[in-house]
Amino acid sequence: MVKAVVLGAAGGIGQPLSLLLKNSPLIDELSLYDVVNSPGVAADLSHINTPATVTGYLPKDDGLAKALEGADVVVIPAGLPRKPGMTRDDLFQKNAGIVRDLIVGIAKTCPKAFILIISNPVNSTVPIAAEVLKAHGVFDATKLFGVTTLDVVRASTFTASVVGEKDPRKIAVPVVGGHSGETIVPLFSQASPKVEIPEDKYADLVKRIQFGGDEVVKAKDGAGSATLSMAFAGFRYLTIVHAVRGEKGIVEPTFVYLPGVAGGEEVQKAVGGVEFFAVPVELGPNGAAKATNPFGGVTEKEKELLAIAQKGLQTNINAGVEFVKQSG
Ligand code: NAD
Ligand code: LMR
């Protein structure tokens, strides 16, 4: 039996993600929590004739603890999205506290659950989660993931259009680093199958992958950021549930605390000592089984991108760690 919990389930990402989960044969029990409208979303989804049971909770009557009770996987898309002109870091002020408080709930109620963080800025909210879990004595790096799958999905789509592949799903480009602007690094040298990016298209393609989120924010013109593509990507990352159910050999790029994952120390050395970094991670029933080192054959251009990413990431990580220290 697998119980999945969505925190922020009534939002732009939360609703379509919950729909995909309700439709998934991998999930037996779906628990939806939000500060508004989660019972309504749960009632709506519960009419779908798939086996997963659905329940919705609000903060009143200890709703968070009830929602989290017995959770195997908790996905967190709770928090504010960007408006035009904002960076993801501008969301820190509001979302840092939201994520901290939700993680306290997880630490108290279901400390062994897999935790998947979507709330931005991911580069800081994941370190915040790690610090809170450490403070409660329940931190397990193999169970904490920043969801960077949307970058992988975009890299596949945008690269396919450059190389003329009609089915983008056939192109897999590992995307490493973090989840904002220049901390996002696509490694075309490690793509599968091999791709040749024309010299005159390389810089624009990298930029489009790094700033894909801005395209959506601009197009939505004040109505939020990516929700449907994020729900798709979040659900794709929830193949992690295959791993929870015992399937081996699943590898997906994800943002993890390197020192706590097998193989992570080698990767950490390769990225200038940064502790949190997205790399392809092999998943198993107990979580992150191995962080793989994708830097063997990287090009000089990719090395330059990686160096820029490391710097930005370290600043974002420090902000998250400092936030938890300051808030006691
Ligand atoms: P949204 O405003 O549509 O939904 C957010 C939901 O969170 C709302 O329903 C709100 O009520 C709820 N919420 C707020 N505070 C809460 C709390 N304390 N507990 C529980 N729920 C709470 O926003 P959205 O478009 O769904 O985006 C959500 C977050 O995901 C944003 O921070 C956004 O930047 C981020 N995001 C991340 C990625 C990624 O790739 N990791 C992609 C897209 C969006
Ligand atoms: C994205 O990449 O689409 C998300 O992180 C949302 C955003 O703010 O761009």
# chains A, B, ... in the order shown; residues from 1 in each chain; ligands from 1
>>> closest_atom_pairs(of="chain A", to="ligand 2", cutoff="9 Å", atoms="only C-alpha atoms and all ligand atoms", output="Markdown table")
| residue | atom | partner | partner_atom_place_in_ligand_line | distance |
| --- | --- | --- | --- | --- |
| A:Pro81 | CA | ligand 2 | 8 (O) | 5.9 |
| A:Arg82 | CA | ligand 2 | 8 (O) | 4.9 |
| A:Lys83 | CA | ligand 2 | 8 (O) | 7.9 |
| A:Met86 | CA | ligand 2 | 8 (O) | 8.2 |
| A:Thr87 | CA | ligand 2 | 8 (O) | 7.0 |
| A:Arg88 | CA | ligand 2 | 8 (O) | 5.4 |
| A:Leu91 | CA | ligand 2 | 8 (O) | 8.7 |
| A:Ile118 | CA | ligand 2 | 5 (O) | 8.0 |
| A:Ser119 | CA | ligand 2 | 5 (O) | 8.0 |
| A:Asn120 | CA | ligand 2 | 5 (O) | 6.3 |
| A:Pro121 | CA | ligand 2 | 5 (O) | 7.4 |
| A:Val122 | CA | ligand 2 | 5 (O) | 7.9 |
| A:Thr148 | CA | ligand 2 | 2 (O) | 8.3 |
| A:Leu150 | CA | ligand 2 | 2 (O) | 6.5 |
| A:Asp151 | CA | ligand 2 | 2 (O) | 6.8 |
| A:His179 | CA | ligand 2 | 5 (O) | 6.7 |
| A:Ser180 | CA | ligand 2 | 5 (O) | 6.8 |
| A:Gly181 | CA | ligand 2 | 2 (O) | 8.8 |
| A:Gln210 | CA | ligand 2 | 2 (O) | 8.4 |
| A:Phe211 | CA | ligand 2 | 2 (O) | 7.4 |
| A:Gly212 | CA | ligand 2 | 2 (O) | 6.2 |
| A:Gly213 | CA | ligand 2 | 9 (O) | 3.3 |
| A:Asp214 | CA | ligand 2 | 9 (O) | 5.3 |
| A:Glu215 | CA | ligand 2 | 9 (O) | 8.0 |
| A:Val216 | CA | ligand 2 | 3 (O) | 6.7 |
| A:Val217 | CA | ligand 2 | 9 (O) | 6.3 |
| A:Gly224 | CA | ligand 2 | 8 (O) | 8.0 |
| A:Ser225 | CA | ligand 2 | 6 (C) | 5.0 |
| A:Ala226 | CA | ligand 2 | 3 (O) | 4.5 |
| A:Thr227 | CA | ligand 2 | 3 (O) | 7.6 |
| A:Ser229 | CA | ligand 2 | 3 (O) | 8.1 |
| A:Met230 | CA | ligand 2 | 3 (O) | 7.0 |
>>> select_by_dssp(residues="segment 119-211 of chain A", states="strand (DSSP E or B)", output="VMD selection string")
chain A and resid 144 to 146 172 175 to 177 184 to 186 192
>>> closest_residue(among="A:Val279, A:Val152, A:Ala4, A:Leu306", to="Leu26 of chain A", atoms="only C-alpha atoms")
A:Ala4
>>> atom_distance(atom1="atom CA of Glu182 of chain A", atom2="atom CA of Gly97 of chain A")
24.9 Å
>>> closest_residue(among="A:Phe235, A:Phe276, A:Phe295, A:Phe188", to="Ile128 of chain A", atoms="only C-alpha atoms")
A:Phe276
>>> select_by_dssp(residues="segment 68-268 of chain A", states="alpha helix (DSSP H)", output="VMD selection string")
chain A and resid 68 92 to 109 122 to 135 149 to 163 199 to 210 212 to 220 228 to 237 240 to 244 264 to 268
>>> residues_around(residues="segment 102-115 of chain A", least_positions_apart="3", cutoff="7 Å", atoms="only C-alpha atoms", output="number ranges by chain")
A: 64-65, 68-75, 98-99, 129, 132-133, 136, 138, 143-145
>>> write_last_selection(atoms="N, CA and C atoms", output="CSV table (one decimal), in the first residue's frame")
chain,number,residue,atom,x,y,z
A,64,LEU,N,-3.0,19.0,9.4
A,64,LEU,CA,-1.7,18.6,8.7
A,64,LEU,C,-1.2,17.3,9.2
A,65,ALA,N,-1.3,17.1,10.5
A,65,ALA,CA,-0.9,15.8,11.1
A,65,ALA,C,-1.8,14.6,10.6
A,68,LEU,N,-0.8,13.8,7.1
A,68,LEU,CA,0.5,13.2,6.9
A,68,LEU,C,0.6,11.8,7.5
A,69,GLU,N,-0.3,11.4,8.4
A,69,GLU,CA,-0.3,10.1,9.1
A,69,GLU,C,-0.1,9.0,8.2
A,70,GLY,N,1.0,8.2,8.4
A,70,GLY,CA,1.3,7.0,7.6
A,70,GLY,C,1.7,7.3,6.2
A,71,ALA,N,2.2,8.5,5.9
A,71,ALA,CA,2.6,8.8,4.5
A,71,ALA,C,3.9,8.1,4.1
A,72,ASP,N,3.9,7.6,2.8
A,72,ASP,CA,5.1,7.1,2.2
A,72,ASP,C,5.8,8.1,1.4
A,73,VAL,N,5.1,9.0,0.7
A,73,VAL,CA,5.6,10.0,-0.1
A,73,VAL,C,4.9,11.3,0.1
A,74,VAL,N,5.6,12.4,0.3
A,74,VAL,CA,5.0,13.7,0.5
A,74,VAL,C,5.5,14.6,-0.6
A,75,VAL,N,4.7,15.2,-1.4
A,75,VAL,CA,5.1,16.2,-2.4
A,75,VAL,C,4.6,17.6,-2.0
A,98,ILE,N,6.8,28.9,4.9
A,98,ILE,CA,5.8,27.8,4.6
A,98,ILE,C,6.4,26.4,4.6
A,99,VAL,N,7.5,26.4,3.9
A,99,VAL,CA,8.2,25.0,3.7
A,99,VAL,C,8.7,24.6,5.1
A,129,ALA,N,14.6,22.5,4.4
A,129,ALA,CA,14.0,21.2,4.8
A,129,ALA,C,15.1,20.4,5.6
A,132,VAL,N,15.7,21.7,9.1
A,132,VAL,CA,14.6,21.4,10.0
A,132,VAL,C,14.6,20.0,10.4
A,133,LEU,N,14.8,19.1,9.4
A,133,LEU,CA,14.8,17.6,9.7
A,133,LEU,C,16.0,17.3,10.7
A,136,HIS,N,15.3,18.2,14.2
A,136,HIS,CA,14.4,17.2,14.8
A,136,HIS,C,15.0,15.8,14.9
A,138,VAL,N,15.9,13.8,12.5
A,138,VAL,CA,15.3,12.7,11.6
A,138,VAL,C,15.8,12.9,10.2
A,143,LYS,N,16.2,10.5,1.5
A,143,LYS,CA,14.7,10.6,1.4
A,143,LYS,C,14.3,12.0,1.0
A,144,LEU,N,15.2,12.9,0.8
A,144,LEU,CA,14.9,14.3,0.6
A,144,LEU,C,15.3,14.8,-0.8
A,145,PHE,N,14.3,15.2,-1.6
A,145,PHE,CA,14.6,15.5,-3.0
A,145,PHE,C,14.0,16.9,-3.4
>>> atom_distance(atom1="atom CA of Thr315 of chain A", atom2="atom CA of Glu265 of chain A")
19.9 Å
>>> atom_distance(atom1="atom CA of Val35 of chain A", atom2="atom 20 (C, counted along the ligand's line) of ligand 1")
5.0 Å
>>> closest_residue(among="A:Glu300, A:Ala43, A:Pro193, A:Thr183", to="Val274 of chain A", atoms="only C-alpha atoms")
A:Thr183
>>> residues_around(residues="Ile76 of chain A", least_positions_apart="3", cutoff="7 Å", atoms="only C-alpha atoms", output="ChimeraX atom specification")
/A:6-8,116-119
